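As provided, start-v7.pdb (PDB, C-alpha atoms (C1' of nucleotides)) reads as follows.
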```
ATOM      1  CA  MET C   1       9.968   0.489 -27.963  1.00  0.00           C
ATOM      2  CA  LYS C   2       8.427  -1.978 -25.646  1.00  0.00           C
ATOM      3  CA  LYS C   3       6.644  -0.559 -22.683  1.00  0.00           C
ATOM      4  CA  SER C   4       7.939  -1.933 -19.456  1.00  0.00           C
ATOM      5  CA  PHE C   5       5.558  -3.734 -17.183  1.00  0.00           C
ATOM      6  CA  GLN C   6       5.567  -0.646 -15.030  1.00  0.00           C
ATOM      7  CA  GLU C   7       4.420   1.556 -17.896  1.00  0.00           C
ATOM      8  CA  LYS C   8       1.539  -0.761 -18.652  1.00  0.00           C
ATOM      9  CA  VAL C   9       0.484  -0.960 -15.047  1.00  0.00           C
ATOM     10  CA  LEU C  10       0.622   2.796 -14.609  1.00  0.00           C
ATOM     11  CA  GLU C  11      -1.380   3.325 -17.770  1.00  0.00           C
ATOM     12  CA  ILE C  12      -4.021   0.796 -16.783  1.00  0.00           C
ATOM     13  CA  VAL C  13      -4.337   2.151 -13.275  1.00  0.00           C
ATOM     14  CA  GLY C  14      -4.510   5.664 -14.671  1.00  0.00           C
ATOM     15  CA  LYS C  15      -7.483   4.621 -16.795  1.00  0.00           C
ATOM     16  CA  ILE C  16      -9.525   3.334 -13.894  1.00  0.00           C
ATOM     17  CA  PRO C  17     -12.812   5.292 -13.816  1.00  0.00           C
ATOM     18  CA  ILE C  18     -14.271   6.756 -10.654  1.00  0.00           C
ATOM     19  CA  GLY C  19     -16.355   4.358  -8.642  1.00  0.00           C
ATOM     20  CA  LYS C  20     -14.409   1.418 -10.024  1.00  0.00           C
ATOM     21  CA  VAL C  21     -11.677  -0.556  -8.348  1.00  0.00           C
ATOM     22  CA  LEU C  22      -9.358  -3.226  -9.680  1.00  0.00           C
ATOM     23  CA  THR C  23      -7.395  -5.837  -7.791  1.00  0.00           C
ATOM     24  CA  TYR C  24      -3.647  -6.197  -8.151  1.00  0.00           C
ATOM     25  CA  LYS C  25      -4.199  -9.472  -9.925  1.00  0.00           C
ATOM     26  CA  LYS C  26      -6.636  -7.912 -12.382  1.00  0.00           C
ATOM     27  CA  VAL C  27      -4.239  -5.098 -13.157  1.00  0.00           C
ATOM     28  CA  ALA C  28      -1.434  -7.588 -13.642  1.00  0.00           C
ATOM     29  CA  LYS C  29      -3.627  -9.575 -16.010  1.00  0.00           C
ATOM     30  CA  GLU C  30      -4.484  -6.468 -17.995  1.00  0.00           C
ATOM     31  CA  ALA C  31      -0.805  -5.605 -18.031  1.00  0.00           C
ATOM     32  CA  GLY C  32      -0.061  -8.915 -19.679  1.00  0.00           C
ATOM     33  CA  ASN C  33       0.968 -11.137 -16.789  1.00  0.00           C
ATOM     34  CA  PRO C  34      -1.778 -12.352 -14.429  1.00  0.00           C
ATOM     35  CA  LYS C  35       0.922 -13.718 -12.171  1.00  0.00           C
ATOM     36  CA  ALA C  36       2.793 -10.479 -11.884  1.00  0.00           C
ATOM     37  CA  TYR C  37       0.511  -9.065  -9.219  1.00  0.00           C
ATOM     38  CA  ARG C  38       3.607  -9.057  -7.034  1.00  0.00           C
ATOM     39  CA  ALA C  39       5.374  -6.772  -9.435  1.00  0.00           C
ATOM     40  CA  VAL C  40       2.266  -4.570  -9.649  1.00  0.00           C
ATOM     41  CA  GLY C  41       2.352  -3.900  -5.944  1.00  0.00           C
ATOM     42  CA  ASN C  42       6.071  -3.370  -6.130  1.00  0.00           C
ATOM     43  CA  ILE C  43       5.732  -0.911  -8.988  1.00  0.00           C
ATOM     44  CA  LEU C  44       2.971   1.088  -7.357  1.00  0.00           C
ATOM     45  CA  HIS C  45       4.972   1.183  -4.162  1.00  0.00           C
ATOM     46  CA  LYS C  46       7.982   2.638  -5.917  1.00  0.00           C
ATOM     47  CA  ASN C  47       5.754   4.843  -8.053  1.00  0.00           C
ATOM     48  CA  HIS C  48       5.417   8.289  -6.548  1.00  0.00           C
ATOM     49  CA  ASN C  49       3.317   9.632  -9.401  1.00  0.00           C
ATOM     50  CA  LEU C  50       0.257  11.189  -7.755  1.00  0.00           C
ATOM     51  CA  LYS C  51      -1.338  11.411 -11.205  1.00  0.00           C
ATOM     52  CA  ILE C  52      -2.018   7.705 -10.906  1.00  0.00           C
ATOM     53  CA  PRO C  53      -5.131   6.766  -8.877  1.00  0.00           C
ATOM     54  CA  CYS C  54      -3.291   3.854  -7.384  1.00  0.00           C
ATOM     55  CA  HIS C  55      -5.720   4.049  -4.457  1.00  0.00           C
ATOM     56  CA  ARG C  56      -8.239   2.325  -6.723  1.00  0.00           C
ATOM     57  CA  VAL C  57      -6.131  -0.804  -6.693  1.00  0.00           C
ATOM     58  CA  ILE C  58      -6.989  -3.138  -3.855  1.00  0.00           C
ATOM     59  CA  CYS C  59      -6.370  -6.750  -2.843  1.00  0.00           C
ATOM     60  CA  SER C  60      -8.592  -9.549  -4.129  1.00  0.00           C
ATOM     61  CA  ASN C  61      -9.803 -10.232  -0.609  1.00  0.00           C
ATOM     62  CA  GLY C  62     -11.206  -6.711  -0.330  1.00  0.00           C
ATOM     63  CA  GLU C  63      -8.314  -5.389   1.715  1.00  0.00           C
ATOM     64  CA  ILE C  64      -6.910  -1.967   0.972  1.00  0.00           C
ATOM     65  CA  GLY C  65      -3.401  -3.287   0.745  1.00  0.00           C
ATOM     66  CA  GLY C  66      -1.357  -0.167   1.205  1.00  0.00           C
ATOM     67  CA  TYR C  67      -0.747   3.349   0.013  1.00  0.00           C
ATOM     68  CA  ASN C  68       2.209   5.697  -0.168  1.00  0.00           C
ATOM     69  CA  ARG C  69       0.222   8.357   1.658  1.00  0.00           C
ATOM     70  CA  GLY C  70      -1.114   5.984   4.286  1.00  0.00           C
ATOM     71  CA  GLU C  71      -3.792   3.339   4.230  1.00  0.00           C
ATOM     72  CA  LYS C  72      -6.162   5.668   6.040  1.00  0.00           C
ATOM     73  CA  GLU C  73      -5.904   8.175   3.229  1.00  0.00           C
ATOM     74  CA  LYS C  74      -6.529   5.463   0.672  1.00  0.00           C
ATOM     75  CA  ARG C  75      -9.628   4.221   2.484  1.00  0.00           C
ATOM     76  CA  LYS C  76     -10.837   7.791   2.759  1.00  0.00           C
ATOM     77  CA  LEU C  77     -10.363   8.386  -0.952  1.00  0.00           C
ATOM     78  CA  LEU C  78     -12.189   5.191  -1.868  1.00  0.00           C
ATOM     79  CA  THR C  79     -15.041   5.888   0.522  1.00  0.00           C
ATOM     80  CA  ARG C  80     -15.235   9.387  -0.883  1.00  0.00           C
ATOM     81  CA  GLU C  81     -15.774   7.916  -4.354  1.00  0.00           C
ATOM     82  CA  GLY C  82     -18.528   5.683  -3.109  1.00  0.00           C
ATOM     83  CA  ILE C  83     -16.373   2.613  -2.565  1.00  0.00           C
ATOM     84  CA  ILE C  84     -16.744   1.191   0.919  1.00  0.00           C
ATOM     85  CA  ILE C  85     -13.762  -0.761   2.181  1.00  0.00           C
ATOM     86  CA  LYS C  86     -13.582  -2.896   5.259  1.00  0.00           C
TER      87      LYS C  86
ATOM     88  C1'  DC Q   1      24.119 -12.946 -13.134  1.00  0.00           C
ATOM     89  C1'  DG Q   2      22.521 -13.748  -8.377  1.00  0.00           C
ATOM     90  C1'  DT Q   3      20.374 -11.960  -4.335  1.00  0.00           C
ATOM     91  C1'  DA Q   4      17.041  -9.258  -1.903  1.00  0.00           C
ATOM     92  C1'  DT Q   5      12.735  -6.839  -1.673  1.00  0.00           C
ATOM     93  C1'  DG Q   6       7.611  -5.876  -1.966  1.00  0.00           C
ATOM     94  C1'  DA Q   7       1.161  -2.017  -1.642  1.00  0.00           C
ATOM     95  C1'  DC Q   8      -0.158 -10.137  -3.254  1.00  0.00           C
ATOM     96  C1'  DG Q   9      -2.603 -14.678  -3.748  1.00  0.00           C
ATOM     97  C1'  DT Q  10      -3.590 -19.139  -2.498  1.00  0.00           C
ATOM     98  C1'  DG Q  11      -3.553 -23.250   0.345  1.00  0.00           C
ATOM     99  C1'  DC Q  12      -3.708 -25.530   4.672  1.00  0.00           C
ATOM    100  C1'  DA Q  13      -4.171 -26.208   9.877  1.00  0.00           C
TER     101       DA Q  13
ATOM    102  C1'  DG V   1     -12.383 -16.404  10.405  1.00  0.00           C
ATOM    103  C1'  DT V   2      -7.470 -16.278  11.593  1.00  0.00           C
ATOM    104  C1'  DG V   3      -2.508 -17.223  11.164  1.00  0.00           C
ATOM    105  C1'  DC V   4       1.451 -19.104   8.784  1.00  0.00           C
ATOM    106  C1'  DA V   5       4.221 -20.668   4.826  1.00  0.00           C
ATOM    107  C1'  DC V   6       5.167 -20.979   0.014  1.00  0.00           C
ATOM    108  C1'  DG V   7       5.219 -19.312  -4.693  1.00  0.00           C
ATOM    109  C1'  DC V   8       5.088 -15.869  -8.002  1.00  0.00           C
ATOM    110  C1'  DC V   9       6.860 -11.823 -10.958  1.00  0.00           C
ATOM    111  C1'  DA V  10       9.368  -7.319 -11.924  1.00  0.00           C
ATOM    112  C1'  DT V  11      12.710  -4.130 -10.327  1.00  0.00           C
ATOM    113  C1'  DA V  12      16.981  -2.531  -7.862  1.00  0.00           C
ATOM    114  C1'  DC V  13      21.664  -3.248  -6.523  1.00  0.00           C
TER     115       DC V  13
END
```

Would you write the structure of this file as structure tokens?
Amino acid sequence: MKKSFQEKVLEIVGKIPIGKVLTYKKVAKEAGNPKAYRAVGNILHKNHNLKIPCHRVICSNGEIGGYNRGEKEKRKLLTREGIIIK
DNA sequence: CGTATGACGTGCA
DNA sequence: GTGCACGCCATAC
């Protein structure tokens, strides 16, 4: 059974260690399609699985991007892990 | 199958 | 540095 792009993305994001952040493009590349960063954001947006540290996924320009619980919460979580966002 | 959407990225003015 | 437009892919309907 082939894992859907979503499964790959969720697995990759779920493997992100603390203190480390990946960009949507990087995750998409790891998932198999470096150009699917659009789908990555779409998947994470639809994904309501709190078990996935999706807050460790940020834009390539250093922006937070977004978060289901609010961008403020995401920035707080990242800062709490030692990752300073703009 | 075609259209619409989305937490992006890049290029250009 | 900022703002706008286009392209890109996967998913949902």

Legend entry - Result set of the PyMOL selection byres ((chain Q) within 10 of (chain C)) on the coordinates above, as a ChimeraX atom specification: /Q:5-9

The selected residues should be written to file as an mmCIF file, in the coordinates of the input (atoms: C-alpha atoms (C1' of nucleotides)).
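Wrote again-v3.cif, looks like this:
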```cif
data_model
loop_
_atom_site.group_PDB
_atom_site.id
_atom_site.type_symbol
_atom_site.label_atom_id
_atom_site.label_comp_id
_atom_site.auth_asym_id
_atom_site.auth_seq_id
_atom_site.Cartn_x
_atom_site.Cartn_y
_atom_site.Cartn_z
ATOM 1 C "C1'" DT Q 5 12.735 -6.839 -1.673
ATOM 2 C "C1'" DG Q 6 7.611 -5.876 -1.966
ATOM 3 C "C1'" DA Q 7 1.161 -2.017 -1.642
ATOM 4 C "C1'" DC Q 8 -0.158 -10.137 -3.254
ATOM 5 C "C1'" DG Q 9 -2.603 -14.678 -3.748
#
```

Inset, instruction - Fewer than 2 positions away in the same chain doesn't count, so skip those; otherwise give me all residues within 12 Å of DC12 (chain Q), counting only C-alpha atoms (C1' of nucleotides), as a list of chain:residue names. - result: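 Within the cut-off, the hits are Q:DT10, V:DG3, V:DC4, V:DA5, V:DC6.
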
Legend entry - Output of the PyMOL selection byres ((chain V) within 12 of (chain C)), listed as a list in words: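 Written out, the selection comes to DG7, DC8, DC9, DA10, DT11 and DA12 of chain V.
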
Legend entry - Atom-to-atom span, CA of Ile12 (chain C) and CA of Arg56 (chain C), Å: 11.0 Å

Counting only C-alpha atoms (C1' of nucleotides), I want the residues whose atoms come within 7 Å of (0.1, 3.6, -11.7) in the file frame, returned as a compact mmCIF listing (two decimals) with C-alpha atoms, keeping the file's coordinate frame.
```txt
# COMPACT_ATOMS: atom_id res chain seq x y z
CA VAL C 9 0.48 -0.96 -15.05
CA LEU C 10 0.62 2.80 -14.61
CA GLU C 11 -1.38 3.32 -17.77
CA VAL C 13 -4.34 2.15 -13.28
CA GLY C 14 -4.51 5.66 -14.67
CA LEU C 44 2.97 1.09 -7.36
CA ASN C 47 5.75 4.84 -8.05
CA ILE C 52 -2.02 7.70 -10.91
CA PRO C 53 -5.13 6.77 -8.88
CA CYS C 54 -3.29 3.85 -7.38
```

Inset, instruction - Can you work out the spacing between C1' of DC1 (chain Q) and C1' of DC13 (chain V) in Å, to one decimal? - result: 12.0 Å

Just need chain V in a file, please: all heavy atoms, as a short mmCIF file (atom, residue, chain, number, x, y, z; two decimals), in the first residue's frame.
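Output (selection08.cif):
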```cif
data_model
loop_
_atom_site.label_atom_id
_atom_site.label_comp_id
_atom_site.auth_asym_id
_atom_site.auth_seq_id
_atom_site.Cartn_x
_atom_site.Cartn_y
_atom_site.Cartn_z
P DG V 1 16.12 43.16 4.13
OP1 DG V 1 16.96 43.52 5.14
OP2 DG V 1 15.84 41.91 3.57
"O5'" DG V 1 14.80 44.08 4.01
"C5'" DG V 1 14.66 45.22 4.86
"C4'" DG V 1 13.33 45.88 4.56
"O4'" DG V 1 13.35 46.41 3.21
"C3'" DG V 1 12.15 44.93 4.65
"O3'" DG V 1 11.06 45.58 5.29
"C2'" DG V 1 11.84 44.58 3.20
"C1'" DG V 1 12.30 45.82 2.45
N9 DG V 1 12.84 45.48 1.12
C8 DG V 1 13.83 44.62 0.81
N7 DG V 1 14.09 44.54 -0.47
C5 DG V 1 13.20 45.43 -1.04
C6 DG V 1 13.00 45.80 -2.41
O6 DG V 1 13.61 45.39 -3.40
N1 DG V 1 12.00 46.73 -2.55
C2 DG V 1 11.27 47.25 -1.53
N2 DG V 1 10.34 48.13 -1.86
N3 DG V 1 11.44 46.93 -0.25
C4 DG V 1 12.42 46.01 -0.08
P DT V 2 9.69 44.77 5.50
OP1 DT V 2 9.08 45.32 6.73
OP2 DT V 2 9.97 43.31 5.41
"O5'" DT V 2 8.78 45.18 4.24
"C5'" DT V 2 8.51 46.57 4.03
"C4'" DT V 2 7.58 46.75 2.82
"O4'" DT V 2 8.32 46.55 1.60
"C3'" DT V 2 6.41 45.76 2.81
"O3'" DT V 2 5.17 46.46 2.71
"C2'" DT V 2 6.65 44.89 1.59
"C1'" DT V 2 7.55 45.74 0.71
N1 DT V 2 8.49 44.98 -0.13
C2 DT V 2 8.51 45.22 -1.50
O2 DT V 2 7.77 46.03 -2.05
N3 DT V 2 9.41 44.49 -2.23
C4 DT V 2 10.29 43.55 -1.73
O4 DT V 2 11.06 42.97 -2.50
C5 DT V 2 10.22 43.34 -0.30
C7 DT V 2 11.13 42.35 0.33
C6 DT V 2 9.34 44.06 0.43
P DG V 3 3.77 45.68 2.76
OP1 DG V 3 2.76 46.56 3.39
OP2 DG V 3 4.00 44.32 3.31
"O5'" DG V 3 3.38 45.53 1.21
"C5'" DG V 3 3.32 46.70 0.40
"C4'" DG V 3 2.93 46.33 -1.04
"O4'" DG V 3 4.06 45.73 -1.71
"C3'" DG V 3 1.78 45.32 -1.11
"O3'" DG V 3 0.80 45.78 -2.05
"C2'" DG V 3 2.43 44.03 -1.57
"C1'" DG V 3 3.68 44.51 -2.32
N9 DG V 3 4.81 43.59 -2.25
C8 DG V 3 5.31 42.95 -1.14
N7 DG V 3 6.36 42.20 -1.39
C5 DG V 3 6.56 42.35 -2.75
C6 DG V 3 7.56 41.79 -3.60
O6 DG V 3 8.48 41.04 -3.31
N1 DG V 3 7.39 42.19 -4.92
C2 DG V 3 6.40 43.04 -5.37
N2 DG V 3 6.40 43.32 -6.67
N3 DG V 3 5.47 43.58 -4.58
C4 DG V 3 5.62 43.19 -3.29
P DC V 4 -0.54 44.93 -2.26
OP1 DC V 4 -1.66 45.87 -2.50
OP2 DC V 4 -0.65 43.92 -1.18
"O5'" DC V 4 -0.22 44.18 -3.64
"C5'" DC V 4 0.13 44.95 -4.79
"C4'" DC V 4 0.48 44.04 -5.98
"O4'" DC V 4 1.75 43.39 -5.75
"C3'" DC V 4 -0.55 42.92 -6.23
"O3'" DC V 4 -1.04 43.02 -7.56
"C2'" DC V 4 0.21 41.63 -6.00
"C1'" DC V 4 1.67 42.03 -6.15
N1 DC V 4 2.59 41.24 -5.28
C2 DC V 4 3.65 40.55 -5.86
O2 DC V 4 3.78 40.57 -7.09
N3 DC V 4 4.50 39.86 -5.07
C4 DC V 4 4.33 39.85 -3.74
N4 DC V 4 5.21 39.18 -3.02
C5 DC V 4 3.26 40.55 -3.14
C6 DC V 4 2.42 41.23 -3.93
P DA V 5 -2.19 42.04 -8.09
OP1 DA V 5 -3.04 42.77 -9.05
OP2 DA V 5 -2.79 41.37 -6.91
"O5'" DA V 5 -1.34 40.93 -8.89
"C5'" DA V 5 -0.42 41.37 -9.89
"C4'" DA V 5 0.28 40.18 -10.55
"O4'" DA V 5 1.29 39.66 -9.67
"C3'" DA V 5 -0.68 39.02 -10.88
"O3'" DA V 5 -0.48 38.60 -12.22
"C2'" DA V 5 -0.31 37.94 -9.89
"C1'" DA V 5 1.13 38.26 -9.51
N9 DA V 5 1.47 37.92 -8.12
C8 DA V 5 0.80 38.23 -6.98
N7 DA V 5 1.36 37.82 -5.88
C5 DA V 5 2.49 37.16 -6.34
C6 DA V 5 3.54 36.49 -5.67
N6 DA V 5 3.61 36.36 -4.35
N1 DA V 5 4.52 35.95 -6.42
C2 DA V 5 4.46 36.07 -7.74
N3 DA V 5 3.55 36.69 -8.48
C4 DA V 5 2.58 37.22 -7.71
P DC V 6 -1.38 37.41 -12.81
OP1 DC V 6 -1.61 37.69 -14.24
OP2 DC V 6 -2.51 37.16 -11.90
"O5'" DC V 6 -0.33 36.20 -12.70
"C5'" DC V 6 0.93 36.29 -13.35
"C4'" DC V 6 1.79 35.05 -13.08
"O4'" DC V 6 2.20 35.03 -11.71
"C3'" DC V 6 1.06 33.72 -13.33
"O3'" DC V 6 1.84 32.92 -14.21
"C2'" DC V 6 0.93 33.09 -11.97
"C1'" DC V 6 2.05 33.73 -11.17
N1 DC V 6 1.75 33.85 -9.72
C2 DC V 6 2.65 33.34 -8.79
O2 DC V 6 3.68 32.80 -9.19
N3 DC V 6 2.38 33.46 -7.47
C4 DC V 6 1.26 34.07 -7.08
N4 DC V 6 1.04 34.18 -5.77
C5 DC V 6 0.32 34.58 -8.01
C6 DC V 6 0.60 34.46 -9.32
P DG V 7 1.28 31.53 -14.73
OP1 DG V 7 1.72 31.30 -16.11
OP2 DG V 7 -0.17 31.47 -14.41
"O5'" DG V 7 2.04 30.48 -13.78
"C5'" DG V 7 3.46 30.52 -13.71
"C4'" DG V 7 3.99 29.48 -12.72
"O4'" DG V 7 3.72 29.89 -11.38
"C3'" DG V 7 3.32 28.10 -12.90
"O3'" DG V 7 4.31 27.07 -12.85
"C2'" DG V 7 2.36 28.00 -11.74
"C1'" DG V 7 3.03 28.86 -10.69
N9 DG V 7 2.08 29.47 -9.75
C8 DG V 7 0.87 30.07 -10.02
N7 DG V 7 0.25 30.52 -8.96
C5 DG V 7 1.11 30.21 -7.92
C6 DG V 7 0.99 30.45 -6.53
O6 DG V 7 0.07 31.01 -5.92
N1 DG V 7 2.08 29.97 -5.83
C2 DG V 7 3.14 29.34 -6.39
N2 DG V 7 4.10 28.95 -5.55
N3 DG V 7 3.29 29.11 -7.68
C4 DG V 7 2.23 29.56 -8.39
P DC V 8 3.91 25.59 -13.37
OP1 DC V 8 4.64 25.37 -14.63
OP2 DC V 8 2.44 25.48 -13.36
"O5'" DC V 8 4.46 24.57 -12.29
"C5'" DC V 8 5.24 24.98 -11.19
"C4'" DC V 8 4.75 24.40 -9.86
"O4'" DC V 8 3.99 25.39 -9.16
"C3'" DC V 8 3.78 23.22 -10.01
"O3'" DC V 8 4.50 21.99 -9.94
"C2'" DC V 8 2.91 23.32 -8.77
"C1'" DC V 8 3.09 24.74 -8.27
N1 DC V 8 1.85 25.51 -8.25
C2 DC V 8 1.43 26.11 -7.07
O2 DC V 8 2.10 25.96 -6.06
N3 DC V 8 0.30 26.82 -7.05
C4 DC V 8 -0.43 26.96 -8.17
N4 DC V 8 -1.54 27.68 -8.11
C5 DC V 8 -0.03 26.35 -9.39
C6 DC V 8 1.11 25.64 -9.39
P DC V 9 3.81 20.67 -10.54
OP1 DC V 9 4.86 19.79 -11.05
OP2 DC V 9 2.68 21.06 -11.40
"O5'" DC V 9 3.20 20.01 -9.22
"C5'" DC V 9 4.02 19.73 -8.11
"C4'" DC V 9 3.17 19.46 -6.86
"O4'" DC V 9 2.46 20.65 -6.50
"C3'" DC V 9 2.13 18.35 -7.06
"O3'" DC V 9 2.35 17.29 -6.16
"C2'" DC V 9 0.81 19.01 -6.75
"C1'" DC V 9 1.16 20.31 -6.06
N1 DC V 9 0.24 21.41 -6.43
C2 DC V 9 -0.52 22.04 -5.43
O2 DC V 9 -0.44 21.64 -4.27
N3 DC V 9 -1.34 23.05 -5.77
C4 DC V 9 -1.42 23.46 -7.04
N4 DC V 9 -2.23 24.47 -7.32
C5 DC V 9 -0.65 22.84 -8.06
C6 DC V 9 0.16 21.84 -7.72
P DA V 10 1.53 15.95 -6.39
OP1 DA V 10 2.41 14.82 -6.11
OP2 DA V 10 0.81 16.02 -7.69
"O5'" DA V 10 0.46 16.05 -5.21
"C5'" DA V 10 0.90 16.04 -3.86
"C4'" DA V 10 -0.26 16.26 -2.88
"O4'" DA V 10 -0.86 17.53 -3.10
"C3'" DA V 10 -1.36 15.20 -3.02
"O3'" DA V 10 -1.78 14.77 -1.73
"C2'" DA V 10 -2.47 15.92 -3.75
"C1'" DA V 10 -2.26 17.39 -3.35
N9 DA V 10 -2.64 18.33 -4.40
C8 DA V 10 -2.26 18.32 -5.71
N7 DA V 10 -2.76 19.31 -6.42
C5 DA V 10 -3.50 20.02 -5.49
C6 DA V 10 -4.29 21.19 -5.60
N6 DA V 10 -4.44 21.88 -6.73
N1 DA V 10 -4.91 21.63 -4.48
C2 DA V 10 -4.76 20.95 -3.35
N3 DA V 10 -4.05 19.86 -3.12
C4 DA V 10 -3.44 19.43 -4.25
P DT V 11 -2.82 13.57 -1.61
OP1 DT V 11 -2.43 12.74 -0.45
OP2 DT V 11 -2.99 12.95 -2.94
"O5'" DT V 11 -4.16 14.35 -1.24
"C5'" DT V 11 -4.17 15.24 -0.10
"C4'" DT V 11 -5.47 16.04 -0.03
"O4'" DT V 11 -5.51 17.01 -1.10
"C3'" DT V 11 -6.71 15.16 -0.17
"O3'" DT V 11 -7.57 15.34 0.95
"C2'" DT V 11 -7.39 15.66 -1.44
"C1'" DT V 11 -6.82 17.05 -1.64
N1 DT V 11 -6.73 17.48 -3.04
C2 DT V 11 -7.34 18.66 -3.41
O2 DT V 11 -7.97 19.36 -2.63
N3 DT V 11 -7.21 19.00 -4.75
C4 DT V 11 -6.54 18.29 -5.72
O4 DT V 11 -6.50 18.71 -6.87
C5 DT V 11 -5.93 17.06 -5.27
C7 DT V 11 -5.18 16.20 -6.23
C6 DT V 11 -6.04 16.71 -3.96
P DA V 12 -8.94 14.53 1.05
OP1 DA V 12 -9.20 14.26 2.47
OP2 DA V 12 -8.92 13.42 0.07
"O5'" DA V 12 -10.00 15.62 0.54
"C5'" DA V 12 -10.01 16.92 1.15
"C4'" DA V 12 -11.23 17.71 0.69
"O4'" DA V 12 -10.97 18.26 -0.62
"C3'" DA V 12 -12.50 16.87 0.58
"O3'" DA V 12 -13.63 17.60 1.08
"C2'" DA V 12 -12.63 16.60 -0.90
"C1'" DA V 12 -11.95 17.81 -1.54
N9 DA V 12 -11.28 17.50 -2.80
C8 DA V 12 -10.44 16.47 -3.08
N7 DA V 12 -9.97 16.47 -4.31
C5 DA V 12 -10.54 17.60 -4.88
C6 DA V 12 -10.45 18.18 -6.14
N6 DA V 12 -9.70 17.70 -7.13
N1 DA V 12 -11.15 19.31 -6.38
C2 DA V 12 -11.90 19.81 -5.41
N3 DA V 12 -12.07 19.37 -4.17
C4 DA V 12 -11.34 18.24 -3.96
P DC V 13 -15.09 16.85 1.06
OP1 DC V 13 -15.87 17.37 2.21
OP2 DC V 13 -14.87 15.40 0.92
"O5'" DC V 13 -15.75 17.39 -0.28
"C5'" DC V 13 -15.95 18.81 -0.44
"C4'" DC V 13 -16.63 19.11 -1.77
"O4'" DC V 13 -15.67 18.94 -2.83
"C3'" DC V 13 -17.81 18.18 -2.08
"O3'" DC V 13 -18.96 18.91 -2.46
"C2'" DC V 13 -17.33 17.33 -3.25
"C1'" DC V 13 -16.26 18.20 -3.89
N1 DC V 13 -15.20 17.42 -4.55
C2 DC V 13 -14.83 17.78 -5.86
O2 DC V 13 -15.40 18.71 -6.43
N3 DC V 13 -13.85 17.07 -6.49
C4 DC V 13 -13.26 16.07 -5.85
N4 DC V 13 -12.29 15.43 -6.50
C5 DC V 13 -13.61 15.70 -4.53
C6 DC V 13 -14.58 16.41 -3.91
#
```
